[in-house]
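Undergrad: Compact mmCIF, C-alpha atoms and all ligand atoms, saved as input10.txt, coming up:
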# COMPACT_ATOMS: atom_id res chain seq x y z
CA MET N 1 -21.89 -18.47 24.97
CA LYS N 2 -22.48 -18.89 21.30
CA ASP N 3 -23.76 -22.44 21.53
CA LEU N 4 -26.16 -21.77 24.35
CA SER N 5 -29.65 -21.08 23.22
CA ARG N 6 -31.45 -18.16 24.76
CA ARG N 7 -33.86 -20.58 26.32
CA ASN N 8 -31.01 -22.44 28.03
CA ILE N 9 -29.46 -19.22 29.23
CA LEU N 10 -32.76 -18.19 30.70
CA ALA N 11 -33.25 -21.53 32.41
CA ALA N 12 -29.76 -21.43 33.86
CA SER N 13 -30.28 -17.90 35.11
CA ALA N 14 -33.60 -18.78 36.68
CA VAL N 15 -32.04 -21.67 38.56
CA GLY N 16 -29.34 -19.32 39.79
CA GLY N 17 -31.98 -16.94 41.00
CA ALA N 18 -30.71 -14.06 38.88
CA VAL N 19 -33.98 -13.52 37.11
CA ALA N 20 -36.42 -11.85 39.42
CA ALA N 21 -39.68 -11.79 38.53
CA ALA N 22 -42.97 -12.72 37.84
CA GLY N 23 -43.54 -13.38 34.26
CA ALA N 24 -40.12 -14.81 33.55
CA ALA N 25 -41.35 -18.37 33.33
CA ALA N 26 -44.29 -17.35 31.22
CA SER N 27 -42.10 -15.47 28.76
CA ALA N 28 -39.55 -18.27 28.52
CA ALA N 29 -41.23 -19.90 25.58
CA GLY N 30 -41.26 -16.64 23.67
CA PHE N 31 -37.82 -15.40 24.65
CA GLY N 32 -37.00 -13.76 21.35
CA ASN N 33 -35.35 -15.77 18.63
CA PRO N 34 -35.10 -18.81 18.16
CA ASP N 35 -38.86 -18.94 18.52
CA ARG N 36 -39.86 -15.89 16.53
CA PRO N 37 -38.79 -16.31 13.80
CA ALA N 38 -37.28 -19.74 14.15
CA GLU N 39 -33.80 -19.64 12.62
CA GLY N 40 -30.47 -21.25 13.38
CA ARG N 41 -29.16 -24.74 13.81
CA MET N 42 -31.14 -25.35 17.01
CA ASN N 43 -34.37 -25.02 15.08
CA THR N 44 -33.55 -27.71 12.53
CA THR N 45 -32.40 -31.32 12.43
CA PRO N 46 -28.80 -32.50 11.96
CA GLY N 47 -29.77 -33.88 8.56
CA ALA N 48 -31.38 -30.69 7.41
CA PHE N 49 -28.51 -28.61 8.79
CA SER N 50 -25.83 -30.72 7.07
CA GLU N 51 -24.06 -29.47 3.94
CA PRO N 52 -23.48 -32.44 1.62
CA GLY N 53 -22.65 -30.40 -1.50
CA PRO N 54 -19.35 -29.01 -2.74
CA LYS N 55 -17.32 -27.25 -0.09
CA ASN N 56 -13.89 -25.74 0.45
CA PRO N 57 -13.14 -26.73 4.05
CA ALA N 58 -10.14 -24.40 4.39
CA LEU N 59 -12.18 -21.36 3.38
CA ALA N 60 -15.33 -22.44 5.21
CA GLY N 61 -13.25 -22.97 8.34
CA GLN N 62 -12.41 -19.28 8.41
CA PHE N 63 -16.09 -18.36 8.76
CA PRO N 64 -17.68 -20.26 11.65
CA SER N 65 -20.45 -17.66 11.99
CA PHE N 66 -21.40 -17.91 8.30
CA GLN N 67 -21.38 -21.73 8.53
CA ASP N 68 -23.34 -21.91 11.75
CA PRO N 69 -24.97 -18.57 12.58
CA PRO N 70 -26.14 -18.04 16.15
CA PRO N 71 -29.94 -18.47 16.34
CA THR N 72 -30.22 -14.78 17.21
CA ASP N 73 -29.14 -14.01 13.61
CA VAL N 74 -32.22 -13.40 11.48
CA ASN N 75 -33.03 -12.42 7.92
CA GLY N 76 -29.50 -11.51 6.83
CA LEU N 77 -27.92 -8.19 5.90
CA ASP N 78 -26.05 -6.87 2.89
CA LEU N 79 -22.58 -8.43 3.07
CA PHE N 80 -20.47 -6.40 5.45
CA TRP N 81 -17.33 -8.53 5.28
CA SER N 82 -14.51 -8.01 2.80
CA SER N 83 -10.75 -8.38 2.80
CA PHE N 84 -7.47 -7.30 1.33
CA ASN N 85 -6.41 -10.97 1.60
CA ASN N 86 -8.24 -11.95 -1.59
CA ALA N 87 -7.93 -8.66 -3.49
CA HIS N 88 -5.99 -8.55 -6.75
CA LYS N 89 -2.40 -7.46 -6.14
CA ARG N 90 -0.88 -5.10 -8.71
CA VAL N 91 2.85 -5.80 -8.41
CA GLN N 92 5.47 -3.50 -9.90
CA SER N 93 9.22 -3.08 -9.44
CA GLY N 94 9.09 -1.02 -6.24
CA GLY N 95 6.23 -2.75 -4.45
CA TRP N 96 2.56 -3.52 -4.84
CA ALA N 97 -0.94 -2.34 -4.08
CA ARG N 98 -4.36 -3.92 -3.77
CA GLU N 99 -7.66 -2.27 -3.10
CA VAL N 100 -11.24 -2.80 -2.05
CA THR N 101 -13.55 -0.21 -3.62
CA GLN N 102 -17.32 -0.13 -3.80
CA ALA N 103 -17.05 -2.17 -7.00
CA ASP N 104 -15.73 -5.02 -4.82
CA PHE N 105 -17.61 -4.22 -1.60
CA ALA N 106 -21.05 -2.92 -2.52
CA ILE N 107 -22.04 -1.70 0.94
CA SER N 108 -18.95 0.52 1.22
CA ASP N 109 -20.12 3.72 -0.43
CA ALA N 110 -18.54 6.18 2.00
CA VAL N 111 -14.92 5.12 1.65
CA SER N 112 -12.63 2.80 -0.27
CA GLY N 113 -9.43 1.17 0.98
CA VAL N 114 -5.99 0.47 -0.44
CA ASN N 115 -3.25 -1.72 1.02
CA MET N 116 0.18 -0.76 -0.32
CA ARG N 117 3.71 -2.04 0.08
CA LEU N 118 6.78 -0.02 -0.91
CA GLY N 119 10.07 -1.88 -0.56
CA LYS N 120 13.17 0.00 0.54
CA GLY N 121 13.53 2.80 -2.03
CA GLY N 122 10.20 1.89 -3.66
CA VAL N 123 8.31 4.99 -4.81
CA ARG N 124 4.62 5.67 -5.30
CA GLU N 125 5.03 8.24 -8.02
CA LEU N 126 4.07 11.93 -7.73
CA HIS N 127 0.30 12.12 -8.13
CA TRP N 128 -2.93 13.68 -6.93
CA HIS N 129 -6.63 12.87 -6.90
CA GLN N 130 -10.07 14.36 -6.31
CA GLN N 131 -10.67 12.71 -2.93
CA ALA N 132 -8.93 13.11 0.41
CA GLU N 133 -6.42 10.42 1.43
CA TRP N 134 -6.09 9.15 5.01
CA ALA N 135 -3.50 6.50 5.83
CA VAL N 136 -2.20 4.31 8.64
CA MET N 137 1.30 2.82 8.64
CA VAL N 138 1.16 -0.87 9.49
CA ASP N 139 4.83 -1.72 9.02
CA GLY N 140 8.22 -0.09 8.49
CA HIS N 141 9.06 3.49 7.55
CA CYS N 142 7.91 5.79 4.76
CA ARG N 143 8.77 9.25 3.45
CA VAL N 144 5.78 11.47 2.74
CA THR N 145 6.15 14.51 0.45
CA VAL N 146 3.28 16.96 -0.07
CA MET N 147 2.55 20.59 -1.00
CA ASP N 148 -0.48 22.68 -0.05
CA THR N 149 -2.49 25.15 -2.17
CA GLU N 150 -0.37 28.07 -0.94
CA GLY N 151 2.70 26.33 -2.37
CA ARG N 152 4.11 25.35 1.02
CA PRO N 153 5.92 22.00 1.07
CA ALA N 154 6.28 19.38 3.78
CA VAL N 155 8.53 16.30 3.88
CA ARG N 156 8.02 13.88 6.77
CA ASP N 157 9.25 10.39 7.66
CA VAL N 158 6.57 8.21 9.27
CA LYS N 159 6.73 4.87 11.08
CA GLN N 160 4.41 2.05 12.07
CA GLY N 161 1.42 3.47 13.94
CA ASP N 162 1.61 6.88 12.25
CA LEU N 163 -1.16 8.42 10.17
CA TRP N 164 -1.22 10.91 7.34
CA TYR N 165 -4.02 12.91 5.76
CA PHE N 166 -3.95 14.76 2.44
CA PRO N 167 -6.88 17.06 1.63
CA PRO N 168 -8.40 16.50 -1.84
CA GLY N 169 -6.21 17.45 -4.76
CA LEU N 170 -2.95 18.11 -2.92
CA PRO N 171 0.03 16.66 -4.80
CA HIS N 172 2.07 14.03 -2.99
CA ALA N 173 4.54 11.16 -3.25
CA LEU N 174 5.55 8.28 -0.98
CA GLN N 175 8.77 6.31 -0.67
CA GLY N 176 9.64 3.22 1.38
CA LEU N 177 12.61 3.78 3.71
CA GLY N 178 15.24 1.49 5.18
CA PRO N 179 15.75 -0.98 6.51
CA SER N 180 12.55 -2.76 5.47
CA GLY N 181 10.43 -0.37 3.39
CA ALA N 182 6.82 0.39 4.30
CA GLU N 183 3.37 -1.12 4.30
CA PHE N 184 0.30 1.01 4.88
CA VAL N 185 -3.44 1.20 4.35
CA LEU N 186 -5.02 4.19 2.61
CA VAL N 187 -8.61 5.27 2.95
CA PHE N 188 -10.23 7.52 0.33
CA ASP N 189 -13.31 9.45 1.43
CA ASN N 190 -15.33 8.14 -1.52
CA GLY N 191 -16.30 4.50 -2.06
CA HIS N 192 -15.65 4.66 -5.80
CA SER N 193 -12.09 5.96 -5.52
CA SER N 194 -9.33 3.77 -6.88
CA GLU N 195 -5.57 3.87 -6.44
CA PHE N 196 -5.40 2.56 -10.02
CA ASN N 197 -7.09 5.77 -11.18
CA THR N 198 -5.11 8.76 -9.95
CA LEU N 199 -3.65 11.73 -11.80
CA LEU N 200 0.00 10.91 -12.45
CA LEU N 201 2.94 13.23 -13.10
CA THR N 202 4.37 10.96 -15.79
CA GLU N 203 1.10 10.64 -17.71
CA TRP N 204 0.46 14.39 -17.78
CA MET N 205 3.98 15.08 -18.94
CA ALA N 206 3.80 12.36 -21.63
CA HIS N 207 0.46 13.70 -22.89
CA THR N 208 1.39 17.35 -23.14
CA PRO N 209 2.92 18.58 -26.44
CA PRO N 210 6.72 18.95 -26.01
CA GLU N 211 6.65 22.59 -27.14
CA VAL N 212 4.08 23.31 -24.43
CA LEU N 213 6.34 21.66 -21.84
CA ALA N 214 9.24 23.79 -23.18
CA GLU N 215 7.23 26.98 -22.87
CA ASN N 216 5.79 26.07 -19.48
CA PHE N 217 9.12 25.22 -17.88
CA ASN N 218 11.14 27.76 -19.90
CA LEU N 219 13.51 25.08 -21.18
CA PRO N 220 14.41 23.83 -24.66
CA VAL N 221 12.24 21.02 -26.05
CA SER N 222 15.27 18.74 -25.94
CA ALA N 223 15.25 18.89 -22.15
CA PHE N 224 12.23 16.56 -22.20
CA LYS N 225 13.50 13.98 -24.68
CA ASN N 226 13.92 11.26 -22.04
CA ILE N 227 10.70 11.64 -20.04
CA PRO N 228 8.87 8.32 -19.65
CA ILE N 229 6.16 7.46 -22.17
CA ASP N 230 4.52 5.01 -19.76
CA ASP N 231 3.55 5.76 -16.18
CA LEU N 232 5.73 4.69 -13.26
CA TRP N 233 2.98 4.31 -10.62
CA ILE N 234 5.09 2.21 -8.23
CA TYR N 235 8.76 1.88 -9.16
CA GLN N 236 12.07 1.00 -7.55
CA GLY N 237 13.91 4.26 -6.85
CA PRO N 238 17.34 4.96 -5.49
CA ASP N 239 17.71 5.30 -1.72
CA PRO N 240 16.29 8.68 -0.69
CA MET N 241 18.44 11.53 0.59
CA PRO N 242 18.57 12.04 4.37
CA LEU N 243 15.41 13.67 5.77
CA ASP N 244 17.09 16.90 6.84
CA ALA N 245 18.69 17.29 3.40
CA ALA N 246 15.31 16.70 1.72
CA GLN N 247 13.62 19.23 4.00
CA ARG N 248 16.38 21.79 3.31
CA ALA N 249 16.11 21.21 -0.43
CA VAL N 250 12.35 21.87 -0.59
CA ARG N 251 12.35 24.77 1.89
CA SER N 252 10.28 27.61 0.46
CA PRO N 253 10.21 31.33 1.26
CA LEU N 254 6.47 30.74 1.82
CA GLY N 255 7.25 28.48 4.77
CA GLU N 256 5.63 25.22 5.79
CA PRO N 257 1.92 24.34 5.73
CA GLN N 258 -0.08 25.57 8.72
CA ASP N 259 -1.42 22.14 9.66
CA GLU N 260 0.63 19.00 10.21
CA TYR N 261 -0.16 16.26 7.68
CA THR N 262 1.06 13.40 9.88
CA PHE N 263 0.10 12.08 13.31
CA SER N 264 1.70 9.55 15.66
CA MET N 265 -0.78 7.22 17.36
CA ASN N 266 2.05 5.69 19.41
CA ASP N 267 2.70 9.05 21.05
CA MET N 268 -0.87 9.67 22.18
CA LYS N 269 -2.49 8.47 25.41
CA PRO N 270 -5.58 6.28 25.02
CA ASN N 271 -8.89 8.10 25.45
CA LYS N 272 -10.14 5.17 27.47
CA VAL N 273 -8.48 2.21 29.19
CA THR N 274 -10.48 -0.62 30.76
CA LYS N 275 -9.77 -4.16 31.94
CA GLY N 276 -10.90 -5.31 28.50
CA GLY N 277 -8.73 -3.04 26.38
CA GLU N 278 -8.38 0.54 25.21
CA VAL N 279 -9.32 3.01 22.51
CA LYS N 280 -7.52 5.92 20.89
CA ILE N 281 -9.58 8.43 18.93
CA ILE N 282 -7.97 10.50 16.20
CA ASP N 283 -10.13 13.08 14.46
CA SER N 284 -10.13 16.79 13.64
CA ARG N 285 -10.03 17.61 17.37
CA ASN N 286 -6.48 16.27 17.80
CA PHE N 287 -5.46 15.92 14.11
CA PRO N 288 -6.93 19.17 12.76
CA ILE N 289 -6.17 18.60 9.08
CA SER N 290 -8.22 15.38 9.04
CA LYS N 291 -11.48 17.13 8.23
CA THR N 292 -13.23 14.26 6.43
CA ILE N 293 -11.93 11.16 8.24
CA ALA N 294 -12.28 10.28 11.92
CA ALA N 295 -10.64 7.15 13.30
CA ALA N 296 -10.46 5.00 16.40
CA LEU N 297 -7.75 2.45 17.16
CA VAL N 298 -9.34 -0.23 19.32
CA THR N 299 -7.51 -2.92 21.30
CA VAL N 300 -9.60 -5.69 22.84
CA LYS N 301 -7.92 -8.23 25.13
CA PRO N 302 -8.74 -11.94 24.87
CA GLY N 303 -12.20 -12.48 26.32
CA GLY N 304 -13.05 -8.80 25.93
CA MET N 305 -15.60 -7.05 23.75
CA ARG N 306 -16.20 -3.70 22.10
CA GLU N 307 -19.53 -2.91 23.75
CA LEU N 308 -22.96 -2.76 22.06
CA HIS N 309 -23.15 0.64 20.37
CA TRP N 310 -23.83 2.56 17.16
CA HIS N 311 -22.58 5.65 15.38
CA PRO N 312 -25.20 8.32 14.68
CA ASN N 313 -23.01 10.36 12.35
CA ALA N 314 -21.46 8.07 9.75
CA ASP N 315 -20.93 4.56 8.38
CA GLU N 316 -18.06 2.66 10.00
CA TRP N 317 -15.34 1.06 7.85
CA GLN N 318 -13.26 -1.41 9.84
CA TYR N 319 -9.74 -2.56 9.17
CA TYR N 320 -8.60 -5.57 11.20
CA ILE N 321 -4.90 -5.41 12.12
CA SER N 322 -4.34 -8.36 14.46
CA GLY N 323 -6.19 -11.07 16.35
CA GLU N 324 -9.58 -12.63 15.63
CA ALA N 325 -13.00 -11.06 15.93
CA ARG N 326 -16.68 -11.72 15.62
CA MET N 327 -19.17 -8.92 14.97
CA THR N 328 -22.94 -8.96 14.82
CA VAL N 329 -24.71 -6.10 13.06
CA PHE N 330 -28.35 -5.27 13.85
CA ASN N 331 -30.90 -3.36 11.78
CA THR N 332 -34.66 -2.98 11.60
CA GLY N 333 -36.60 -5.95 10.31
CA PRO N 334 -35.39 -7.36 12.63
CA ARG N 335 -32.20 -8.23 10.86
CA ALA N 336 -29.09 -9.46 12.58
CA GLN N 337 -26.03 -11.11 11.06
CA THR N 338 -22.74 -12.27 12.50
CA ALA N 339 -19.40 -12.45 10.69
CA ASP N 340 -15.83 -13.39 11.60
CA PHE N 341 -12.77 -11.25 10.93
CA ARG N 342 -9.02 -11.84 10.76
CA PRO N 343 -6.00 -9.61 10.03
CA GLY N 344 -6.31 -7.83 6.69
CA ASP N 345 -10.09 -8.19 6.66
CA LEU N 346 -12.55 -5.30 6.38
CA GLY N 347 -15.92 -4.78 8.02
CA TYR N 348 -18.61 -2.21 7.35
CA VAL N 349 -21.47 -0.99 9.53
CA LYS N 350 -24.03 1.42 8.16
CA LYS N 351 -24.76 4.59 10.11
CA SER N 352 -26.77 3.87 13.29
CA PHE N 353 -26.87 0.07 12.84
CA GLY N 354 -26.22 -1.57 16.23
CA HIS N 355 -23.12 -3.72 16.64
CA TYR N 356 -20.57 -5.25 19.00
CA VAL N 357 -17.14 -6.77 18.30
CA GLN N 358 -15.87 -9.70 20.37
CA ASN N 359 -12.29 -10.89 20.63
CA THR N 360 -12.66 -14.57 19.72
CA GLY N 361 -8.94 -15.33 19.70
CA THR N 362 -6.19 -15.86 22.26
CA THR N 363 -4.21 -12.69 21.51
CA ASP N 364 -5.06 -9.00 21.50
CA LEU N 365 -7.58 -7.96 18.86
CA VAL N 366 -6.54 -4.69 17.22
CA PHE N 367 -8.68 -2.95 14.63
CA MET N 368 -9.45 0.51 13.34
CA GLU N 369 -12.86 2.12 13.03
CA ILE N 370 -12.91 4.71 10.23
CA PHE N 371 -15.67 7.25 9.60
CA LYS N 372 -16.18 9.77 6.83
CA ASP N 373 -16.72 12.69 9.17
CA ASP N 374 -14.70 15.29 11.04
CA LYS N 375 -15.45 13.78 14.45
CA PHE N 376 -15.79 10.36 16.03
CA ALA N 377 -19.20 9.83 17.67
CA GLU N 378 -20.99 6.89 19.21
CA ILE N 379 -23.99 5.94 21.31
CA SER N 380 -23.41 3.27 23.97
CA LEU N 381 -26.43 1.06 24.68
CA THR N 382 -25.46 0.63 28.33
CA GLN N 383 -24.91 4.35 28.84
CA TRP N 384 -28.25 5.16 27.21
CA LEU N 385 -30.10 2.74 29.49
CA ALA N 386 -28.26 4.12 32.53
CA CYS N 387 -29.38 7.60 31.50
CA THR N 388 -33.05 6.62 31.12
CA PRO N 389 -35.52 6.69 34.06
CA PRO N 390 -35.36 3.26 35.74
CA ASP N 391 -39.12 2.70 35.67
CA LEU N 392 -39.02 2.95 31.87
CA ILE N 393 -36.19 0.41 31.69
CA ALA N 394 -38.03 -1.94 34.04
CA SER N 395 -41.23 -1.80 32.03
CA HIS N 396 -39.36 -2.36 28.74
CA LEU N 397 -37.04 -5.17 29.72
CA ASN N 398 -38.83 -6.87 32.59
CA MET N 399 -35.57 -6.92 34.49
CA ASP N 400 -34.81 -6.49 38.17
CA PRO N 401 -34.11 -2.75 38.77
CA ALA N 402 -31.38 -3.84 41.19
CA LEU N 403 -29.55 -5.22 38.15
CA THR N 404 -30.26 -2.46 35.65
CA SER N 405 -29.15 0.13 38.22
CA GLN N 406 -25.64 -1.29 37.83
CA PHE N 407 -25.44 0.05 34.24
CA GLY N 408 -22.77 2.74 34.10
CA LYS N 409 -23.45 6.36 33.15
CA ILE N 410 -19.89 6.58 31.83
CA ARG N 411 -19.44 4.35 28.79
CA SER N 412 -16.88 1.59 28.90
CA VAL N 413 -16.20 1.31 25.14
CA VAL N 414 -14.37 -1.98 25.71
CA MET N 415 -15.70 -4.57 28.19
CA PRO N 416 -15.06 -5.72 30.83
CA ALA N 417 -14.92 -2.29 32.40
MN MN D 1 -2.54 9.41 -3.16
MN MN D 2 -18.52 0.86 15.99
Could you quickly redo this structure as C-alpha cells?
Ligand code: MN
Ligand code: MN

TA:
Amino acid sequence: MKDLSRRNILAASAVGGAVAAAGAAASAAGFGNPDRPAEGRMNTTPGAFSEPGPKNPALAGQFPSFQDPPPTDVNGLDLFWSSFNNAHKRVQSGGWAREVTQADFAISDAVSGVNMRLGKGGVRELHWHQQAEWAVMVDGHCRVTVMDTEGRPAVRDVKQGDLWYFPPGLPHALQGLGPSGAEFVLVFDNGHSSEFNTLLLTEWMAHTPPEVLAENFNLPVSAFKNIPIDDLWIYQGPDPMPLDAAQRAVRSPLGEPQDEYTFSMNDMKPNKVTKGGEVKIIDSRNFPISKTIAAALVTVKPGGMRELHWHPNADEWQYYISGEARMTVFNTGPRAQTADFRPGDLGYVKKSFGHYVQNTGTTDLVFMEIFKDDKFAEISLTQWLACTPPDLIASHLNMDPALTSQFGKIRSVVMPA
C-alpha cells in the first residue's frame, strides 16, 4: 500500500467499480496529498530525491518511513520516536538501568521511562521518590517490597507480564530472582523524573549525624560504624530468602495494605479479540491502586493494524515489546508524520492527535500504550462515523452510502475485525 499513490489507488478503485459516484473523476486530480501540498518522493525526481551526502546505512535502514515518507506525510511533527536501545546504560554490580526522560525525548512531558535489569540477587536499593511508579515485567522474576502510609508492608514476587504500581512517596525495593533475574520497564508519571535521582536509604543514612542516627534508632553510635558512605543504587546482593519467610518476617500487627500493588496481565482475559489481534486494558477499574497510570497491552498479528483512533483524555506513551511497527500521527495544519518502531523503542502521541499502528513485520507486534490518567479512553474513527447520520457522512466524504453503512458501531480496536 505504501508505494501506491492516492491517485493510483483511486484509479484502481474506479476501474473496479468500487467508487460510485459522480464527481469522483473530477476530484481525482485534487485527491488530497500529493497534490496539496505536494510532498513525498512521487512529487520529485530521482536526482532530487537522492541522498549523496554522508549516511549510516545500518541506522538509516531501520527507518524506512523517515528515509522515504509516504506522500500523505506533510509538514512534520515534533519527534515522537525514541528508544531505550541508544540510551546510556548505567551498569553496576547487580545490574543496570537506562532511561528516557523529557531531557532526552522533548515531547514526553507526561511520563518518563526506565528500562532496568537486575541479575539474580541484584538489588535496586531501598528508595522512594515524589512521583508514582508503574512497571511492567518483560523478563524473569522479581521481588517487590513496599510499605504504605499506614505502615502496612507487602512483599510480592512478580513474573514476566506482571505489573506493579507504587503511589508517590511510598518506600520500596526490588530484587532479581532466580534462575535468570529480572528485566522490567518503569514509567514515572512525570516526564522529568529520573531513576538516577531518587531518595536513597544509604545516602540519607550517610548524611545524617551519627548521634542523630543513634537517638533515632535507640542504638549506640557504634552500631552505625559500617554503614556505606557511598550509595548502593543497584548492587549484587545475596540470594533472597524464600517468599513465605520474607512475608512472615515483615508481617505487621497493622496488616497488609488494602490495595494490591501488583497485577498479572497473563491471568486476565483480553477486553477485545479480533482476527487482527487483541487488547488488554489495565487501569484503575481492574487495578484500583493504579490511579495515575492507565495501560493497554496490544497484540497485532502480521498484516493487522491498530485502527485509526485518538485518546481524548491523555498523551499516549508507547513501549514496543516485540515485532515491527509503523505509526502515522496526525495533527492540525495539516501535519502528518510516519515513523517505524522496533523492540525497545518508544513512541509518543499527544492527547487527541489521530494515529494508527500497523504491523509491518512477519511476527506478532506487541506494544503497550501508557496514559497518565486513571482510565483508558479512546475514540475510534470508524465507530464515530458509524454513529453519525449517514447523510452527513455522504456529504463529507463523497462515498457510496452502501459502503459507509458497513462501518461498525462497535469498535474493532485491532483490524481486521
Ligand atoms: Mn522506584
Ligand atoms: Mn493510541

Undergrad: Hey, can you check how far atom CA of N:Met241 sits from atom CA of N:Thr262?

TA: 19.8 Å

Undergrad: At what distance in Å, to one decimal, does atom CA of N:Pro334 lie from atom CA of N:Ser82?

TA: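 Computing the Euclidean distance for atom CA of N:Ser82 and atom CA of N:Pro334 yields 23.1 Å.
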
Undergrad: Quick one: residues within 8 Å of stretch 195-198 of chain N, all atoms listed in the file, excluding same-chain residues fewer than 3 positions away - as a tab-separated table (two decimals) with C-alpha atoms, in the frame of the given file?

TA:
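What follows is the written file selection10.tsv:
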chain	number	residue	atom	x	y	z
N	99	GLU	CA	-7.66	-2.27	-3.10
N	114	VAL	CA	-5.99	0.47	-0.44
N	127	HIS	CA	0.30	12.12	-8.13
N	128	TRP	CA	-2.93	13.68	-6.93
N	129	HIS	CA	-6.63	12.87	-6.90

Undergrad: How far is it from atom CA of N:Thr360 to atom CA of N:Ala110, in Å with one decimal?

TA: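 Atom CA of N:Ala110 lies 27.9 Å from atom CA of N:Thr360.
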
Undergrad: Between N:Ala132, N:Ala97, N:Leu254, N:Ala48, which is the closest to ligand MN 1 (chain D) once you count all atoms listed in the file?

TA: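 With all atoms listed in the file as the atom set, the closest residue is N:Ala132.
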
Undergrad: Which residue out of N:Pro167, N:Gly94, N:Pro69, N:Gly276 has the minimum interatomic distance to ligand MN 1 (chain D) when only C-alpha atoms and all ligand atoms are used?

TA: N:Pro167

Undergrad: Kindly indicate which residue among N:Thr328, N:Asn313, N:Gln131, N:Gln67 lies nearest to ligand MN 1 (chain D), using all atoms listed in the file for the distances.

TA: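 Counting all atoms listed in the file, the residue closest to ligand MN 1 (chain D) is N:Gln131.
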
Undergrad: Hey, what's within 6 Å of stretch 378-395 of chain N if we count only C-alpha atoms and toss same-chain stuff fewer than 3 positions away? As a list of chain:residue names, please?

TA: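 Answer for this query is N:Leu308, N:His309, N:Trp310, N:His311, N:Asn398, N:Met399, N:Phe407, N:Gly408, N:Lys409, N:Arg411.
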
Undergrad: Select, from N:Ala206, N:Ala38, N:Ala58, N:Leu174, the residue with the minimum atom-to-atom distance to ligand MN 1 (chain D), counting all atoms listed in the file.

TA: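 Among the listed residues, the smallest separation from ligand MN 1 (chain D) belongs to N:Leu174.
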
Undergrad: Could you report the residues within 9 Å of ligand MN 2 (chain D), using all atoms listed in the file, as a list in words?

TA: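 Using all atoms listed in the file, everything at most 9 Å from ligand MN 2 (chain D) comes to Arg306, Glu307, Leu308, His309, Trp310, His311, Asp315, Glu316, Trp317, Gln318, Val349, Phe353, Gly354, His355, Tyr356, Val357, Glu369, Ile370 and Glu378 of chain N.
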
Undergrad: Pick the closest to ligand MN 1 (chain D) from N:Gly303, N:Pro168, N:Pro257, N:Gly121: which is it, counting only C-alpha atoms and all ligand atoms?

TA: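 That would be N:Pro168, the residue with the smallest distance to ligand MN 1 (chain D).
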
Undergrad: Calculated over only C-alpha atoms and all ligand atoms, which of the candidates N:Arg124, N:Arg342, N:His396, N:Lys225 has the smallest distance to ligand MN 1 (chain D)?

TA: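 Looking at the shortest contact to ligand MN 1 (chain D), the residue is N:Arg124.
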
Undergrad: Show which residues sit within 6 Å of N:Arg326, as a PyMOL selection string. Count only C-alpha atoms, and ignore same-chain residues fewer than 2 positions away.

TA: chain N and resi 339-340+357-358

Undergrad: Using all atoms listed in the file, find each residue in stretch 87-171 of chain N having at least one atom no more than 8 Å away from stretch 175-178 of chain N; report its shortest atom-to-atom pair and that distance in Å (one decimal), rows by chain then rising number, as a Markdown table.

TA:
| residue | atom | partner | partner_atom | distance |
| --- | --- | --- | --- | --- |
| N:Leu118 | CA | N:Gly176 | CA | 4.9 |
| N:Gly119 | CA | N:Gly176 | CA | 5.5 |
| N:Lys120 | CA | N:Gly176 | CA | 4.9 |
| N:Gly121 | CA | N:Gly176 | CA | 5.2 |
| N:Gly122 | CA | N:Gly176 | CA | 5.2 |
| N:Val123 | CA | N:Gln175 | CA | 4.4 |
| N:Arg124 | CA | N:Gln175 | CA | 6.3 |
| N:Gly140 | CA | N:Leu177 | CA | 7.6 |
| N:His141 | CA | N:Leu177 | CA | 5.2 |
| N:Cys142 | CA | N:Gly176 | CA | 4.6 |
| N:Arg143 | CA | N:Gln175 | CA | 5.1 |
| N:Val144 | CA | N:Gln175 | CA | 6.9 |

Undergrad: Neighbouring residues of N:Met205 were defined as those with any atom within 12 Å, considering only C-alpha atoms; residues of the same chain fewer than 2 positions away were excluded. Please report them as a PyMOL selection string.

TA: chain N and resi 126-127+199-203+207-214+216-217+224-232

Undergrad: From the coordinates I just gave you, please extract stretch 164-183 of chain N so that only C-alpha atoms remain, then output it as a CSV table (one decimal), in the first residue's frame.

TA:
chain,number,residue,atom,x,y,z
N,164,TRP,CA,3.3,-3.1,39.8
N,165,TYR,CA,2.3,0.4,40.8
N,166,PHE,CA,3.6,2.4,43.8
N,167,PRO,CA,1.8,5.6,44.7
N,168,PRO,CA,4.1,8.7,45.1
N,169,GLY,CA,6.5,8.6,48.0
N,170,LEU,CA,5.9,5.0,49.1
N,171,PRO,CA,9.2,3.3,50.0
N,172,HIS,CA,10.2,0.3,48.0
N,173,ALA,CA,13.0,-2.1,46.9
N,174,LEU,CA,13.3,-4.6,44.1
N,175,GLN,CA,15.4,-7.7,43.7
N,176,GLY,CA,16.1,-10.0,40.8
N,177,LEU,CA,15.1,-13.7,41.5
N,178,GLY,CA,16.4,-17.0,40.2
N,179,PRO,CA,17.0,-18.5,37.8
N,180,SER,CA,17.6,-15.6,35.5
N,181,GLY,CA,17.0,-12.3,37.4
N,182,ALA,CA,14.6,-9.7,36.1
N,183,GLU,CA,14.2,-7.1,33.4
